[in-house]
file coords35.cif (mmCIF, C-alpha atoms)
data_final
loop_
_atom_site.label_atom_id
_atom_site.label_comp_id
_atom_site.auth_asym_id
_atom_site.auth_seq_id
_atom_site.Cartn_x
_atom_site.Cartn_y
_atom_site.Cartn_z
CA MET Y 615 -14.77 -7.44 -28.76
CA HIS Y 616 -15.80 -11.10 -28.53
CA ILE Y 617 -16.56 -12.19 -32.09
CA PRO Y 618 -19.66 -14.41 -32.40
CA ASP Y 619 -19.98 -17.26 -34.88
CA GLY Y 620 -21.10 -16.21 -38.36
CA PHE Y 621 -19.00 -13.05 -38.51
CA LEU Y 622 -15.88 -14.73 -39.95
CA ASP Y 623 -15.63 -16.87 -43.04
CA ALA Y 624 -14.19 -20.40 -42.88
CA LYS Y 625 -10.69 -19.55 -44.09
CA THR Y 626 -10.32 -16.81 -41.48
CA PHE Y 627 -11.63 -18.63 -38.42
CA ILE Y 628 -9.89 -21.90 -39.28
CA THR Y 629 -6.55 -20.09 -39.72
CA LEU Y 630 -6.97 -18.32 -36.40
CA ASP Y 631 -8.09 -21.52 -34.66
CA VAL Y 632 -4.85 -23.17 -35.79
CA VAL Y 633 -2.80 -20.16 -34.64
CA ALA Y 634 -4.56 -20.20 -31.26
CA VAL Y 635 -3.92 -23.92 -30.73
CA GLY Y 636 -0.25 -23.39 -31.58
CA PHE Y 637 -0.01 -20.49 -29.15
CA VAL Y 638 -1.63 -22.44 -26.31
CA ALA Y 639 0.73 -25.38 -26.85
CA ALA Y 640 3.81 -23.14 -26.93
CA ALA Y 641 2.65 -21.06 -23.96
CA ALA Y 642 1.91 -24.14 -21.84
CA ALA Y 643 5.33 -25.61 -22.59
CA ARG Y 644 7.03 -22.33 -21.74
CA ALA Y 645 5.02 -21.86 -18.55
CA ARG Y 646 6.02 -25.32 -17.30
CA ARG Y 647 9.65 -24.52 -18.02
CA VAL Y 648 10.08 -21.02 -16.60
CA LEU Y 649 7.36 -20.28 -14.06
CA SER Y 650 7.79 -21.09 -10.38
CA GLU Y 651 5.26 -23.19 -8.48
CA ARG Y 652 3.94 -20.18 -6.61
CA ALA Y 653 2.83 -18.66 -9.92
CA VAL Y 654 0.23 -21.41 -10.41
CA PRO Y 655 -2.13 -20.23 -7.61
CA LEU Y 656 -1.75 -16.67 -8.88
CA MET Y 657 -2.81 -17.80 -12.36
CA ALA Y 658 -5.97 -19.37 -10.91
CA VAL Y 659 -6.81 -16.33 -8.78
CA LEU Y 660 -6.09 -13.97 -11.65
CA ALA Y 661 -8.31 -15.96 -14.01
CA ALA Y 662 -11.15 -15.78 -11.47
CA PHE Y 663 -10.64 -12.05 -10.97
CA ILE Y 664 -10.58 -11.28 -14.70
CA PHE Y 665 -13.62 -13.49 -15.31
CA ALA Y 666 -15.58 -11.66 -12.61
CA ALA Y 667 -14.35 -8.23 -13.72
CA GLN Y 668 -15.42 -8.91 -17.31
CA MET Y 669 -19.00 -9.41 -16.12
CA LEU Y 670 -19.14 -5.75 -15.01
CA ASN Y 671 -19.83 -3.32 -17.85
CA PHE Y 672 -19.11 0.40 -17.72
CA PRO Y 673 -20.80 3.00 -19.96
CA VAL Y 674 -19.08 4.42 -23.03
CA ALA Y 675 -20.18 7.17 -25.40
CA GLY Y 676 -23.31 6.69 -27.52
CA GLY Y 677 -25.09 4.40 -25.09
CA THR Y 678 -22.62 1.56 -25.58
CA SER Y 679 -20.69 -0.16 -22.83
CA GLY Y 680 -17.37 -1.87 -22.35
CA HIS Y 681 -15.82 -4.29 -19.91
CA PHE Y 682 -12.41 -5.13 -18.51
CA ALA Y 683 -10.32 -7.40 -20.76
CA GLY Y 684 -7.36 -8.10 -18.48
CA GLY Y 685 -4.69 -8.93 -21.06
CA ALA Y 686 -2.21 -6.31 -19.93
CA LEU Y 687 -2.73 -7.04 -16.23
CA ALA Y 688 -2.19 -10.78 -16.74
CA ALA Y 689 0.96 -10.14 -18.79
CA ILE Y 690 2.41 -7.66 -16.29
CA LEU Y 691 1.95 -10.09 -13.41
CA LEU Y 692 2.85 -13.36 -15.15
CA GLY Y 693 4.58 -12.47 -18.40
CA PRO Y 694 2.83 -12.54 -21.78
CA TRP Y 695 2.94 -16.31 -22.29
CA ALA Y 696 1.38 -17.34 -18.98
CA GLY Y 697 -0.82 -14.26 -19.04
CA GLY Y 698 -2.14 -15.36 -22.41
CA LEU Y 699 -2.96 -18.78 -20.97
CA VAL Y 700 -4.99 -17.14 -18.22
CA ILE Y 701 -7.00 -15.09 -20.73
CA THR Y 702 -7.48 -18.18 -22.92
CA LEU Y 703 -9.01 -20.06 -19.98
CA VAL Y 704 -11.39 -17.17 -19.32
CA LEU Y 705 -12.42 -17.03 -22.99
CA VAL Y 706 -13.07 -20.77 -23.16
CA ILE Y 707 -15.30 -20.68 -20.06
CA GLN Y 708 -17.17 -17.65 -21.38
CA ALA Y 709 -17.79 -19.29 -24.76
CA LEU Y 710 -18.87 -22.64 -23.31
CA ALA Y 711 -20.92 -21.46 -20.35
CA PHE Y 712 -22.29 -18.10 -21.46
CA GLY Y 713 -22.09 -18.06 -25.26
CA ASP Y 714 -19.91 -14.96 -25.06
CA GLY Y 715 -18.02 -15.33 -28.32
CA GLY Y 716 -18.58 -18.16 -30.79
CA MET Y 717 -16.93 -21.57 -30.59
CA LEU Y 718 -15.82 -21.43 -34.24
CA ALA Y 719 -14.53 -17.90 -33.64
CA LEU Y 720 -12.78 -18.89 -30.41
CA GLY Y 721 -9.40 -18.90 -32.14
CA ALA Y 722 -9.93 -15.33 -33.31
CA ASN Y 723 -10.93 -14.21 -29.82
CA VAL Y 724 -7.93 -15.99 -28.31
CA PHE Y 725 -5.64 -14.36 -30.86
CA ASN Y 726 -7.00 -10.87 -30.18
CA LEU Y 727 -7.40 -10.99 -26.41
CA ALA Y 728 -4.90 -13.66 -25.29
CA VAL Y 729 -2.07 -13.07 -27.78
CA VAL Y 730 -2.21 -9.52 -29.17
CA ALA Y 731 -3.34 -7.80 -25.97
CA PRO Y 732 -0.89 -9.47 -23.53
CA PHE Y 733 2.15 -9.17 -25.80
CA VAL Y 734 1.44 -5.56 -26.79
CA GLY Y 735 0.62 -4.67 -23.19
CA TYR Y 736 3.73 -6.35 -21.81
CA GLY Y 737 5.98 -4.76 -24.42
CA ALA Y 738 4.56 -1.30 -23.78
CA TYR Y 739 4.78 -1.73 -20.01
CA SER Y 740 8.41 -2.90 -20.17
CA LEU Y 741 9.37 0.06 -22.37
CA LEU Y 742 7.55 2.63 -20.26
CA ARG Y 743 9.08 1.28 -17.05
CA LYS Y 744 12.48 2.15 -18.51
CA VAL Y 745 11.32 5.65 -19.44
CA PHE Y 746 9.48 6.47 -16.20
CA ALA Y 747 11.44 5.39 -13.14
CA GLY Y 748 10.10 4.62 -9.67
CA GLU Y 749 6.70 3.54 -8.43
CA ALA Y 750 4.92 6.31 -10.32
CA GLY Y 751 6.36 4.85 -13.51
CA ARG Y 752 4.87 1.46 -12.65
CA PHE Y 753 1.35 2.83 -12.59
CA VAL Y 754 1.78 5.20 -15.54
CA GLY Y 755 3.18 2.28 -17.51
CA ALA Y 756 0.33 -0.01 -16.44
CA PHE Y 757 -2.33 2.51 -17.45
CA ALA Y 758 -0.77 3.23 -20.85
CA ALA Y 759 0.00 -0.43 -21.54
CA ALA Y 760 -3.56 -1.50 -20.75
CA TRP Y 761 -4.99 1.21 -23.01
CA LEU Y 762 -2.68 0.27 -25.86
CA ALA Y 763 -3.40 -3.45 -25.43
CA VAL Y 764 -7.14 -2.87 -25.81
CA VAL Y 765 -6.70 -0.67 -28.88
CA ALA Y 766 -4.32 -3.20 -30.47
CA ALA Y 767 -6.77 -6.05 -29.89
CA ALA Y 768 -9.61 -3.97 -31.35
CA SER Y 769 -7.47 -3.19 -34.40
CA ALA Y 770 -6.79 -6.90 -34.92
CA CYS Y 771 -10.50 -7.62 -34.64
CA ALA Y 772 -11.28 -4.97 -37.26
CA ALA Y 773 -8.68 -6.45 -39.59
CA GLU Y 774 -10.17 -9.94 -39.21
CA LEU Y 775 -13.68 -8.72 -39.98
CA ALA Y 776 -12.35 -6.97 -43.07
CA ILE Y 777 -10.35 -10.00 -44.25
CA ALA Y 778 -13.45 -12.17 -43.83
CA GLY Y 779 -15.43 -9.71 -45.95
CA THR Y 780 -17.89 -8.98 -43.15
CA VAL Y 781 -17.25 -5.24 -42.87
CA PRO Y 782 -14.90 -3.05 -44.94
CA PHE Y 783 -11.75 -2.10 -43.05
CA ALA Y 784 -12.49 1.61 -43.59
CA VAL Y 785 -15.69 1.09 -41.60
CA ALA Y 786 -14.58 -1.53 -39.07
CA PHE Y 787 -11.32 0.11 -38.00
CA PRO Y 788 -12.58 3.55 -36.91
CA ALA Y 789 -15.68 2.02 -35.31
CA MET Y 790 -13.73 -0.57 -33.31
CA VAL Y 791 -10.77 1.63 -32.40
CA GLY Y 792 -12.91 4.66 -31.60
CA ALA Y 793 -15.07 2.77 -29.10
CA HIS Y 794 -12.17 0.83 -27.59
CA ALA Y 795 -10.03 3.92 -27.20
CA LEU Y 796 -12.63 4.97 -24.63
CA ILE Y 797 -12.99 1.49 -23.18
CA GLY Y 798 -9.21 1.40 -22.82
CA LEU Y 799 -9.36 4.29 -20.36
CA GLY Y 800 -11.41 2.16 -17.98
CA GLU Y 801 -9.06 -0.76 -18.63
CA GLY Y 802 -6.09 1.43 -17.69
CA VAL Y 803 -7.67 2.63 -14.45
CA ILE Y 804 -8.60 -0.90 -13.35
CA THR Y 805 -5.17 -2.27 -14.26
CA ALA Y 806 -3.30 0.46 -12.39
CA ALA Y 807 -5.63 0.10 -9.37
CA ALA Y 808 -5.14 -3.68 -9.29
CA LEU Y 809 -1.35 -3.26 -9.38
CA ALA Y 810 -1.54 -0.69 -6.60
CA ALA Y 811 -3.53 -3.11 -4.43
CA ILE Y 812 -1.03 -5.91 -5.11
CA ARG Y 813 1.89 -3.56 -4.46
CA ALA Y 814 0.41 -2.70 -1.05
CA SER Y 815 -0.34 -6.26 0.03
CA ARG Y 816 1.94 -8.66 -1.88
CA PRO Y 817 4.76 -6.76 -3.62
CA ASP Y 818 6.63 -10.02 -4.23
CA LEU Y 819 4.00 -11.02 -6.78
CA LEU Y 820 5.06 -8.15 -9.02
CA GLU Y 821 8.31 -9.97 -9.74
CA LEU Y 822 6.76 -13.19 -11.02
CA GLY Y 823 6.19 -11.86 -14.53
CA ARG Y 824 9.91 -11.60 -15.24
CA GLY Y 825 10.17 -15.36 -15.41
CA GLY Y 826 7.56 -15.56 -18.12
CA ALA Y 827 8.78 -12.61 -20.14
CA ALA Y 828 8.99 -12.84 -23.91
#
call {"tool": "encode", "arguments": {"input": "coords35.cif", "output": "structure tokens"}}
result
Amino acid sequence: MHIPDGFLDAKTFITLDVVAVGFVAAAAARARRVLSERAVPLMAVLAAFIFAAQMLNFPVAGGTSGHFAGGALAAILLGPWAGGLVITLVLVIQALAFGDGGMLALGANVFNLAVVAPFVGYGAYSLLRKVFAGEAGRFVGAFAAAWLAVVAAASACAAELAIAGTVPFAVAFPAMVGAHALIGLGEGVITAAALAAIRASRPDLLELGRGGAA
């Protein structure tokens, strides 16, 4: 889902670069205001975990592969604002060090994976936690929220490619959403498993995200 340079026209990537800069500034200000000091080490560890997890691809239909995105997990643990900052850091390192996603398209990738995915994932998780009570609800909510976050980010990516005139929306949308609906299943499993591991070892960390909630 990382968009390389050359796939978006100037008006599209410049607009999204501006939006991404505005989000990072607002998210940083909010994180300083509402997050506790003990959330800072978690942000660093979570960024390292997501970065490493994204390097591992899993097979999808048709010989393609997908990888963990981490937007929903970051938002569930830290809230969508701080979670988006974590994903932004990962995206910047990937673009600079590995060329994974273009520098001009970095704003688009930040918007899709660090704004759309965390906020959609956090909203879905919060809603599902009210519908499904207890610990089972936590993991059902995490799985569904992670799946929905990936599909939402893929939909945004398809819309951007269509707006830029790269691929018609009627082609980009089913291709992106179809593949990422399958990738989202792996995302959901990893997200639920990570929450289960944290619940078993450090359940207090599951409460940090409330401070950074939207």
call {"tool": "resolve_selection", "arguments": {"input": "coords35.cif", "expression": "the PyMOL selection byres ((chain Y and resi 731-742) around 10)", "output": "JSON, numbers by chain"}}
result
{"Y": [683, 684, 685, 686, 687, 688, 689, 690, 691, 692, 693, 694, 695, 696, 697, 698, 699, 701, 724, 725, 726, 727, 728, 729, 730, 743, 744, 745, 746, 747, 751, 752, 753, 754, 755, 756, 757, 758, 759, 760, 761, 762, 763, 764, 765, 766, 767, 768, 770, 823, 827, 828]}
call {"tool": "atom_distance", "arguments": {"input": "coords35.cif", "atom1": "atom CA of Ile777 of chain Y", "atom2": "atom CA of Phe621 of chain Y"}}
result
10.8 Å
call {"tool": "atom_distance", "arguments": {"input": "coords35.cif", "atom1": "atom CA of Ala808 of chain Y", "atom2": "atom CA of Arg652 of chain Y"}}
result
19.0 Å
call {"tool": "atom_distance", "arguments": {"input": "coords35.cif", "atom1": "atom CA of His616 of chain Y", "atom2": "atom CA of Val659 of chain Y"}}
result
22.3 Å
call {"tool": "axis_aligned_box", "arguments": {"input": "coords35.cif", "around": "segment 626-633 of chain Y", "padding_each_side": "3 Å", "output": "AutoDock Vina command-line options"}}
result
--center_x -7.2 --center_y -20.0 --center_z -38.1 --size_x 14.8 --size_y 12.4 --size_z 12.8
call {"tool": "decode", "arguments": {"input": "coords35.cif", "residues": "segment 709-732 of chain Y", "atoms": "C-alpha atoms", "output": "PDB file, in the first residue's frame"}}
result
ATOM      1  CA  ALA Y 709      11.098   5.825   2.907  1.00  0.00           C
ATOM      2  CA  LEU Y 710      14.521   7.225   3.817  1.00  0.00           C
ATOM      3  CA  ALA Y 711      16.389   4.006   4.539  1.00  0.00           C
ATOM      4  CA  PHE Y 712      14.705   1.441   2.302  1.00  0.00           C
ATOM      5  CA  GLY Y 713      12.916   3.411  -0.422  1.00  0.00           C
ATOM      6  CA  ASP Y 714       9.642   1.811   0.641  1.00  0.00           C
ATOM      7  CA  GLY Y 715       7.238   4.500  -0.528  1.00  0.00           C
ATOM      8  CA  GLY Y 716       8.320   7.683  -2.295  1.00  0.00           C
ATOM      9  CA  MET Y 717       9.460  10.854  -0.563  1.00  0.00           C
ATOM     10  CA  LEU Y 718       7.092  13.030  -2.607  1.00  0.00           C
ATOM     11  CA  ALA Y 719       4.296  10.551  -1.880  1.00  0.00           C
ATOM     12  CA  LEU Y 720       5.160  10.378   1.826  1.00  0.00           C
ATOM     13  CA  GLY Y 721       2.223  12.625   2.699  1.00  0.00           C
ATOM     14  CA  ALA Y 722      -0.169  10.267   0.931  1.00  0.00           C
ATOM     15  CA  ASN Y 723       1.277   7.253   2.730  1.00  0.00           C
ATOM     16  CA  VAL Y 724       1.090   9.064   6.072  1.00  0.00           C
ATOM     17  CA  PHE Y 725      -2.521  10.029   5.376  1.00  0.00           C
ATOM     18  CA  ASN Y 726      -3.527   6.470   4.467  1.00  0.00           C
ATOM     19  CA  LEU Y 727      -1.570   4.492   7.055  1.00  0.00           C
ATOM     20  CA  ALA Y 728      -1.052   6.981   9.914  1.00  0.00           C
ATOM     21  CA  VAL Y 729      -4.335   8.920   9.773  1.00  0.00           C
ATOM     22  CA  VAL Y 730      -7.058   6.858   8.090  1.00  0.00           C
ATOM     23  CA  ALA Y 731      -6.031   3.468   9.504  1.00  0.00           C
ATOM     24  CA  PRO Y 732      -5.531   4.507  13.166  1.00  0.00           C
TER      25      PRO Y 732
END
